[in-house]
Every structure is written in C-alpha cells, then in structure tokens.
$ cat input-v6.cif   # mmCIF, C-alpha atoms
data_protein
loop_
_atom_site.label_atom_id
_atom_site.label_comp_id
_atom_site.auth_asym_id
_atom_site.auth_seq_id
_atom_site.Cartn_x
_atom_site.Cartn_y
_atom_site.Cartn_z
CA MET A 1 -8.51 -14.26 -10.96
CA SER A 2 -12.01 -13.03 -10.31
CA LYS A 3 -13.66 -11.40 -13.27
CA GLU A 4 -13.68 -7.62 -13.00
CA MET A 5 -16.41 -5.33 -14.19
CA PRO A 6 -17.41 -5.72 -17.86
CA THR A 7 -16.55 -3.02 -20.38
CA ASP A 8 -20.02 -1.48 -20.26
CA SER A 9 -19.82 -1.01 -16.48
CA PRO A 10 -19.13 2.25 -14.58
CA CYS A 11 -15.51 1.07 -14.37
CA ALA A 12 -15.04 1.30 -18.10
CA THR A 13 -13.39 4.26 -19.79
CA GLY A 14 -15.89 6.77 -21.12
CA ALA A 15 -15.24 9.24 -23.91
CA SER A 16 -15.76 12.19 -21.57
CA GLU A 17 -12.95 10.94 -19.33
CA ARG A 18 -10.24 10.76 -21.97
CA ASP A 19 -9.00 14.31 -21.46
CA LYS A 20 -7.90 13.43 -17.93
CA VAL A 21 -5.21 11.08 -16.66
CA ARG A 22 -6.99 8.11 -15.12
CA LEU A 23 -5.37 6.58 -12.06
CA ALA A 24 -5.60 2.95 -10.98
CA VAL A 25 -4.41 2.87 -7.38
CA TYR A 26 -3.56 -0.26 -5.40
CA ASP A 27 -2.99 -0.93 -1.74
CA PHE A 28 0.04 -3.18 -1.16
CA ASP A 29 -0.30 -5.35 1.96
CA GLY A 30 -3.14 -7.84 1.73
CA THR A 31 -3.99 -6.64 -1.78
CA CYS A 32 -0.95 -6.96 -4.04
CA ILE A 33 0.73 -9.40 -1.67
CA HIS A 34 -0.57 -12.12 0.59
CA GLY A 35 0.15 -10.97 4.14
CA ASN A 36 1.37 -7.84 5.87
CA SER A 37 4.93 -6.74 5.12
CA PRO A 38 5.49 -4.78 8.39
CA VAL A 39 4.53 -7.89 10.37
CA LEU A 40 6.75 -10.02 8.15
CA LEU A 41 9.57 -7.53 8.70
CA VAL A 42 9.23 -7.80 12.49
CA ASN A 43 9.52 -11.59 12.27
CA TYR A 44 12.50 -11.24 9.93
CA LEU A 45 14.26 -8.83 12.31
CA MET A 46 13.63 -11.14 15.25
CA ARG A 47 15.08 -14.12 13.39
CA LYS A 48 18.18 -12.07 12.76
CA ARG A 49 18.19 -10.99 16.44
CA MET A 50 17.88 -7.35 15.49
CA LEU A 51 14.80 -7.08 17.73
CA THR A 52 14.46 -8.72 21.12
CA VAL A 53 11.63 -11.07 22.01
CA TRP A 54 10.18 -8.38 24.27
CA GLN A 55 10.35 -5.77 21.53
CA GLY A 56 8.68 -8.21 19.19
CA PHE A 57 5.96 -8.86 21.76
CA VAL A 58 5.27 -5.15 22.20
CA ILE A 59 5.03 -4.68 18.46
CA GLY A 60 2.89 -7.81 18.26
CA MET A 61 0.31 -6.09 20.43
CA TRP A 62 -0.03 -3.59 17.59
CA GLY A 63 -0.82 -6.47 15.25
CA LEU A 64 -3.52 -7.67 17.62
CA ARG A 65 -5.01 -4.20 17.94
CA TYR A 66 -4.90 -3.89 14.15
CA LYS A 67 -6.87 -7.12 13.77
CA LEU A 68 -9.36 -6.02 16.42
CA ARG A 69 -9.71 -2.68 14.63
CA LEU A 70 -8.77 -0.69 17.73
CA PRO A 71 -7.31 2.84 17.50
CA GLN A 72 -3.56 3.23 17.92
CA ASP A 73 -0.62 5.50 17.22
CA GLU A 74 0.59 4.29 13.82
CA ALA A 75 3.70 6.50 13.87
CA SER A 76 4.75 5.11 17.26
CA VAL A 77 4.46 1.54 16.01
CA ARG A 78 6.61 2.28 12.98
CA SER A 79 9.19 3.91 15.22
CA LYS A 80 9.41 0.69 17.26
CA VAL A 81 9.78 -1.50 14.17
CA PHE A 82 12.44 0.82 12.75
CA ARG A 83 14.58 0.68 15.92
CA PRO A 84 17.34 -1.45 14.30
CA PHE A 85 17.87 1.21 11.62
CA ASP A 86 18.16 4.19 13.95
CA GLY A 87 21.47 5.90 13.10
CA VAL A 88 22.13 3.58 10.14
CA SER A 89 22.85 5.19 6.78
CA SER A 90 19.78 5.38 4.61
CA GLU A 91 21.64 3.56 1.81
CA GLU A 92 22.54 0.63 4.08
CA ALA A 93 19.08 0.39 5.61
CA ASP A 94 17.36 0.60 2.22
CA ALA A 95 19.62 -2.18 0.92
CA PHE A 96 18.57 -4.33 3.88
CA LEU A 97 14.89 -3.66 3.18
CA ARG A 98 15.37 -4.50 -0.48
CA ASP A 99 16.95 -7.81 0.51
CA PHE A 100 14.03 -8.42 2.85
CA TYR A 101 11.65 -7.93 -0.06
CA ASP A 102 13.60 -10.37 -2.21
CA GLU A 103 13.85 -13.03 0.49
CA VAL A 104 10.42 -12.79 2.07
CA VAL A 105 7.91 -10.63 0.23
CA ALA A 106 8.48 -11.28 -3.47
CA SER A 107 7.16 -14.85 -3.31
CA ARG A 108 3.93 -13.53 -1.80
CA TRP A 109 3.12 -11.29 -4.76
CA ARG A 110 -0.24 -12.17 -6.28
CA ALA A 111 -0.35 -13.00 -9.96
CA ASP A 112 -3.86 -11.55 -10.08
CA ALA A 113 -2.45 -8.19 -8.98
CA ASP A 114 -0.02 -8.28 -11.91
CA ALA A 115 -2.81 -9.18 -14.31
CA SER A 116 -5.06 -6.42 -13.00
CA MET A 117 -2.29 -3.82 -13.21
CA ARG A 118 -1.42 -4.84 -16.76
CA GLU A 119 -5.07 -4.72 -17.80
CA ASN A 120 -5.52 -1.23 -16.36
CA ALA A 121 -2.30 -0.03 -17.98
CA ALA A 122 -3.47 -1.43 -21.33
CA GLN A 123 -6.67 0.60 -20.91
CA GLY A 124 -4.61 3.76 -20.50
CA CYS A 125 -4.55 4.08 -16.71
CA TYR A 126 -1.57 5.37 -14.76
CA VAL A 127 -0.96 2.53 -12.30
CA MET A 128 0.40 3.29 -8.84
CA VAL A 129 0.59 1.87 -5.33
CA VAL A 130 -0.09 3.64 -2.04
CA THR A 131 0.90 1.76 1.08
CA ALA A 132 1.71 1.96 4.78
CA THR A 133 4.85 -0.13 4.33
CA TRP A 134 8.25 1.49 3.87
CA GLN A 135 9.29 3.20 0.67
CA ALA A 136 12.38 1.05 0.03
CA ILE A 137 10.29 -2.14 0.09
CA VAL A 138 7.73 -0.99 -2.44
CA ASP A 139 10.40 0.70 -4.58
CA ARG A 140 12.07 -2.70 -4.90
CA ALA A 141 8.75 -4.24 -5.92
CA MET A 142 8.26 -1.55 -8.56
CA GLU A 143 11.40 -2.71 -10.37
CA ASP A 144 9.73 -6.03 -11.23
CA ARG A 145 6.02 -5.24 -11.19
CA PRO A 146 3.78 -3.31 -13.61
CA PHE A 147 3.17 -0.08 -11.70
CA GLU A 148 4.71 3.31 -12.34
CA HIS A 149 4.83 5.05 -8.99
CA ALA A 150 4.57 4.29 -5.28
CA VAL A 151 3.74 6.44 -2.28
CA ALA A 152 4.72 4.84 1.02
CA THR A 153 5.77 5.59 4.59
CA ARG A 154 9.12 7.36 4.84
CA MET A 155 11.38 7.90 7.83
CA LEU A 156 13.28 11.11 8.47
CA VAL A 157 16.98 11.18 7.58
CA ASP A 158 19.35 13.26 9.71
CA GLU A 159 21.98 15.69 8.41
CA ASP A 160 24.53 12.86 8.21
CA GLY A 161 22.33 10.80 5.92
CA ASN A 162 21.31 8.36 8.65
CA TYR A 163 17.80 7.20 9.39
CA THR A 164 15.98 8.26 12.52
CA ARG A 165 13.00 6.54 14.09
CA THR A 166 10.71 9.45 13.26
CA VAL A 167 8.12 9.12 10.51
CA ASP A 168 8.46 11.77 7.81
CA GLY A 169 4.99 13.27 7.85
CA LEU A 170 2.24 10.75 8.52
CA PRO A 171 2.11 6.98 7.96
CA MET A 172 0.13 5.98 4.88
CA GLU A 173 -2.95 4.76 6.73
CA GLY A 174 -6.64 5.41 6.25
CA ALA A 175 -7.56 8.79 4.79
CA GLU A 176 -3.86 9.67 4.54
CA LYS A 177 -3.63 7.33 1.54
CA LEU A 178 -6.20 9.35 -0.36
CA ARG A 179 -4.56 12.64 0.60
CA ALA A 180 -1.18 11.34 -0.59
CA VAL A 181 -2.63 10.24 -3.92
CA GLU A 182 -4.28 13.64 -4.37
CA ASP A 183 -1.07 15.51 -3.53
CA PHE A 184 0.97 13.39 -5.94
CA ALA A 185 -1.56 13.60 -8.79
CA ASN A 186 -2.09 17.35 -8.42
CA GLU A 187 1.65 17.91 -8.59
CA ARG A 188 2.28 15.49 -11.46
CA PHE A 189 -0.83 16.05 -13.59
CA GLY A 190 -2.23 19.36 -12.35
CA GLU A 191 -5.41 20.02 -10.40
CA GLY A 192 -8.37 18.93 -12.50
CA GLY A 193 -6.07 17.01 -14.84
CA TRP A 194 -6.66 13.58 -13.38
CA GLU A 195 -9.29 11.34 -11.86
CA LEU A 196 -9.23 8.29 -9.62
CA ALA A 197 -10.70 5.72 -11.98
CA ARG A 198 -10.03 2.54 -9.99
CA ALA A 199 -8.90 1.71 -6.49
CA TYR A 200 -8.12 -1.64 -4.91
CA GLY A 201 -7.89 -2.40 -1.20
CA ASP A 202 -8.48 -5.19 1.30
CA HIS A 203 -8.86 -3.45 4.66
CA HIS A 204 -11.61 -1.29 6.13
CA SER A 205 -9.04 1.49 6.55
CA ASP A 206 -8.96 1.67 2.72
CA ARG A 207 -12.58 2.86 2.60
CA ALA A 208 -11.72 6.53 2.00
CA LEU A 209 -9.50 5.66 -0.96
CA LEU A 210 -12.02 3.25 -2.44
CA ALA A 211 -14.97 5.60 -1.96
CA ALA A 212 -13.18 8.30 -3.96
CA ALA A 213 -12.78 6.04 -7.02
CA THR A 214 -15.15 5.66 -9.94
CA CYS A 215 -14.70 1.93 -9.61
CA PRO A 216 -13.75 0.78 -6.09
CA CYS A 217 -12.74 -2.87 -5.81
CA ALA A 218 -12.55 -4.76 -2.50
CA VAL A 219 -9.88 -7.46 -2.78
CA ASP A 220 -10.35 -10.35 -0.33
CA PRO A 221 -11.77 -7.76 2.09
CA ASP A 222 -11.94 -7.97 5.86
CA LYS A 223 -15.44 -8.22 7.32
CA PRO A 224 -16.10 -4.47 7.75
CA LEU A 225 -14.97 -3.68 4.20
CA ARG A 226 -16.95 -6.62 2.84
CA ARG A 227 -20.07 -5.23 4.51
CA THR A 228 -19.39 -1.80 3.02
CA ALA A 229 -18.77 -3.27 -0.43
CA ARG A 230 -22.00 -5.26 -0.35
CA LYS A 231 -23.98 -2.27 0.89
CA LEU A 232 -22.60 0.07 -1.79
CA GLY A 233 -22.43 -2.48 -4.59
CA TRP A 234 -18.66 -2.41 -4.97
CA PRO A 235 -17.06 -5.36 -6.81
CA ILE A 236 -15.55 -7.93 -4.46
CA LEU A 237 -12.57 -9.72 -5.95
CA ALA A 238 -11.03 -13.00 -4.77
CA TRP A 239 -7.37 -13.06 -5.73
CA ALA A 240 -5.30 -16.21 -5.37
#
$ encode --input "input-v6.cif" --output "structure tokens"
Amino acid sequence: MSKEMPTDSPCATGASERDKVRLAVYDFDGTCIHGNSPVLLVNYLMRKRMLTVWQGFVIGMWGLRYKLRLPQDEASVRSKVFRPFDGVSSEEADAFLRDFYDEVVASRWRADADASMRENAAQGCYVMVVTATWQAIVDRAMEDRPFEHAVATRMLVDEDGNYTRTVDGLPMEGAEKLRAVEDFANERFGEGGWELARAYGDHHSDRALLAAATCPCAVDPDKPLRRTARKLGWPILAWA
C-alpha cells in the first residue's frame, strides 16, 4: 500500500473540523476493485447467454468510448446492460447481482482499499462509497467491507415490483457523484454539519468529487487524472 499523507498534512484532522462529520468517500470500480464491474457483468451475462454476442458487441462499443474518453449517453448504456432483468422481480434480479459479486467481483477487491477505509474510520471519518455500478452489487460488498453507506445507480421498479430498463434519476457518473454525496450528507447530517475530508478515485470523471475534498487522492489514475493530480499536488496512490 502506498503511504498516504502524514499526520501533519492537510489531510489530517484539525481541531476546528471536529464539530463536523468528516466523510471519506471512495469510488468503486478501478479504485476499491481491480477492473470495471459493469464490463465484468456484461461478460458474465454473455457467458450465461443472457446477452447475445451482438448485444455484447454494442455494449462493448461503450467500453471503447469510455476508454477513449468520448461523450456518451450513460443511461442508455445501462439500459442495454440491464436488458436481461427487464420485467424480473427486483428481489430475483438483486439476488443474481449479489451472486455475480460473490463469483466475480469479490476476488478483485483491493486489500489496500480495506486498509485505507479502516484507517479513515479509526480517525473518525464516516466511510462511504459512491459508484456508477448497480446498488445491489455494492450493497453486497458493504456486508463484508469496512464502509457504512453506498450510493449507486438504481433502476426504476414498476408497480408490480419488477425492474425496468430505465435508470432511476441519473447514473452515478462525473459531477453526479458529488451531487449524490452532497444530497445524502445534507439529509443525514444536516447542511453545514459535514465536510468532505477525503476522496479517492481513479478516473478523470472523478475530478469533481476529488476537487471538492480537503484531501483528494488519485488511486492508480488514468492519464488525464494523473496529469490533474500532478498539477494540483494531489497524492497519487498505487494500490496492489
């Protein structure tokens, strides 16, 4: 695990901050885990023949655009990935996604993420995750990992309790992550009752979240985020 900022750094807890709840917020894909869980889910669904090769190819174009940092409709992509669960009861679909986490994602969890979360919790931070992946996946992770809350992408449920292919609100991407954290913290702790002490992300789309933190940490960042971190003097962490 890369050494984080020393206790006399701006990341440390100051006496003037102790009257507020301090948040330590983590991205999930590429930060807490090695890899991208939506991409892993597509491959998993294709192996189980729940998505066709053509459907997988179309979704794969999203992955390419994501790597090339090209604009795209994030809600539309999630609708395509969620096709197998359209009309399926939310309980059944969530159980499937939990199994997917156990079979595919859990082994990709980074020990350094655990250590960082535990360290921040020991320093009095409220540890949470904000992620573009689906809520059921990260909720399963929360059962075994040292964070207290997760905000993730949700899909609308119809009046019969079945999932639709429509995203509930907006996918947790880019500036939406910061807005979601603010909405949650204002509701839970009250406006002015909290501060974003630390934030961890790996992708340039995490810039808004990181920039809002007292101590922003770039974890194995992509090239654009690495450039930003170097320019602004943010810690760059290399997690195994």
$ axis_aligned_box --input "input-v6.cif" --around "stretch 75-86 of chain A" --padding-each-side "8 Å" --output "JSON"
{"center_x": 10.9, "center_y": 2.5, "center_z": 14.4, "size_x": 30.5, "size_y": 24.0, "size_z": 21.6}
$ resolve_selection --input "input-v6.cif" --expression "the PyMOL selection byres ((chain A and resi 121) around 12)" --output "list in words"
Val21, Arg22, Leu23, Ala24, Val25, Asp114, Ala115, Ser116, Met117, Arg118, Glu119, Asn120, Ala122, Gln123, Gly124, Cys125, Tyr126, Val127, Met128, Arg145, Pro146, Phe147, Glu148, Ala197 and Arg198 of chain A
$ closest_residue --input "input-v6.cif" --among "A:Lys20, A:Gly35, A:Asp27, A:Ser76" --to "A:Val219" --atoms "only C-alpha atoms"
A:Asp27
$ residues_around --input "input-v6.cif" --residues "stretch 169-176 of chain A" --least-positions-apart "4" --cutoff "9 Å" --atoms "all atoms listed in the file" --output "PDB file with C-alpha atoms, in the frame of the given file"
ATOM      1  CA  GLU A  74       0.590   4.290  13.820  1.00  0.00           C
ATOM      2  CA  ALA A  75       3.700   6.500  13.870  1.00  0.00           C
ATOM      3  CA  ARG A  78       6.610   2.280  12.980  1.00  0.00           C
ATOM      4  CA  VAL A 130      -0.090   3.640  -2.040  1.00  0.00           C
ATOM      5  CA  THR A 131       0.900   1.760   1.080  1.00  0.00           C
ATOM      6  CA  ALA A 132       1.710   1.960   4.780  1.00  0.00           C
ATOM      7  CA  THR A 133       4.850  -0.130   4.330  1.00  0.00           C
ATOM      8  CA  VAL A 151       3.740   6.440  -2.280  1.00  0.00           C
ATOM      9  CA  ALA A 152       4.720   4.840   1.020  1.00  0.00           C
ATOM     10  CA  THR A 153       5.770   5.590   4.590  1.00  0.00           C
ATOM     11  CA  ARG A 154       9.120   7.360   4.840  1.00  0.00           C
ATOM     12  CA  MET A 155      11.380   7.900   7.830  1.00  0.00           C
ATOM     13  CA  LEU A 156      13.280  11.110   8.470  1.00  0.00           C
ATOM     14  CA  ALA A 180      -1.180  11.340  -0.590  1.00  0.00           C
ATOM     15  CA  VAL A 181      -2.630  10.240  -3.920  1.00  0.00           C
ATOM     16  CA  HIS A 204     -11.610  -1.290   6.130  1.00  0.00           C
ATOM     17  CA  SER A 205      -9.040   1.490   6.550  1.00  0.00           C
ATOM     18  CA  ASP A 206      -8.960   1.670   2.720  1.00  0.00           C
ATOM     19  CA  ARG A 207     -12.580   2.860   2.600  1.00  0.00           C
ATOM     20  CA  ALA A 208     -11.720   6.530   2.000  1.00  0.00           C
ATOM     21  CA  LEU A 209      -9.500   5.660  -0.960  1.00  0.00           C
TER      22      LEU A 209
END
$ residues_near_point --input "input-v6.cif" --point "(15.8, -4.1, -0.7)" --cutoff "12 Å" --atoms "all atoms listed in the file" --output "ChimeraX atom specification"
/A:41,90-106,134-143
$ atom_distance --input "input-v6.cif" --atom1 "atom CA of A:His203" --atom2 "atom CA of A:Leu225"
6.1 Å
$ closest_residue --input "input-v6.cif" --among "A:Asp168, A:Tyr44, A:Leu237, A:Tyr26" --to "A:Ala213" --atoms "all atoms listed in the file"
A:Tyr26
$ atom_distance --input "input-v6.cif" --atom1 "atom CA of A:Tyr163" --atom2 "atom CA of A:Arg179"
24.6 Å
$ atom_distance --input "input-v6.cif" --atom1 "atom CA of A:Arg227" --atom2 "atom CA of A:Ala111"
25.7 Å
$ resolve_selection --input "input-v6.cif" --expression "the PyMOL selection byres ((chain A and resi 34) around 9)" --output "list in words"
Asp29, Gly30, Thr31, Cys32, Ile33, Gly35, Asn36, Ser37, Val105, Arg108, Trp109, Arg110 and Ala240 of chain A
$ write_last_selection --input "input-v6.cif" --atoms "C-alpha atoms" --output "PDB file, keeping the file's coordinate frame"
ATOM      1  CA  ASP A  29      -0.300  -5.350   1.960  1.00  0.00           C
ATOM      2  CA  GLY A  30      -3.140  -7.840   1.730  1.00  0.00           C
ATOM      3  CA  THR A  31      -3.990  -6.640  -1.780  1.00  0.00           C
ATOM      4  CA  CYS A  32      -0.950  -6.960  -4.040  1.00  0.00           C
ATOM      5  CA  ILE A  33       0.730  -9.400  -1.670  1.00  0.00           C
ATOM      6  CA  GLY A  35       0.150 -10.970   4.140  1.00  0.00           C
ATOM      7  CA  ASN A  36       1.370  -7.840   5.870  1.00  0.00           C
ATOM      8  CA  SER A  37       4.930  -6.740   5.120  1.00  0.00           C
ATOM      9  CA  VAL A 105       7.910 -10.630   0.230  1.00  0.00           C
ATOM     10  CA  ARG A 108       3.930 -13.530  -1.800  1.00  0.00           C
ATOM     11  CA  TRP A 109       3.120 -11.290  -4.760  1.00  0.00           C
ATOM     12  CA  ARG A 110      -0.240 -12.170  -6.280  1.00  0.00           C
ATOM     13  CA  ALA A 240      -5.300 -16.210  -5.370  1.00  0.00           C
TER      14      ALA A 240
END
$ resolve_selection --input "input-v6.cif" --expression "the PyMOL selection byres ((chain A and resi 192) around 12)" --output "ChimeraX atom specification"
/A:17,19-22,182,185-191,193-196
$ residues_around --input "input-v6.cif" --residues "A:Asp86" --least-positions-apart "6" --cutoff "9 Å" --atoms "all atoms listed in the file" --output "CSV table (one decimal) with C-alpha atoms, in the coordinates of the input"
chain,number,residue,atom,x,y,z
A,162,ASN,CA,21.3,8.4,8.6
A,163,TYR,CA,17.8,7.2,9.4
A,164,THR,CA,16.0,8.3,12.5
A,165,ARG,CA,13.0,6.5,14.1
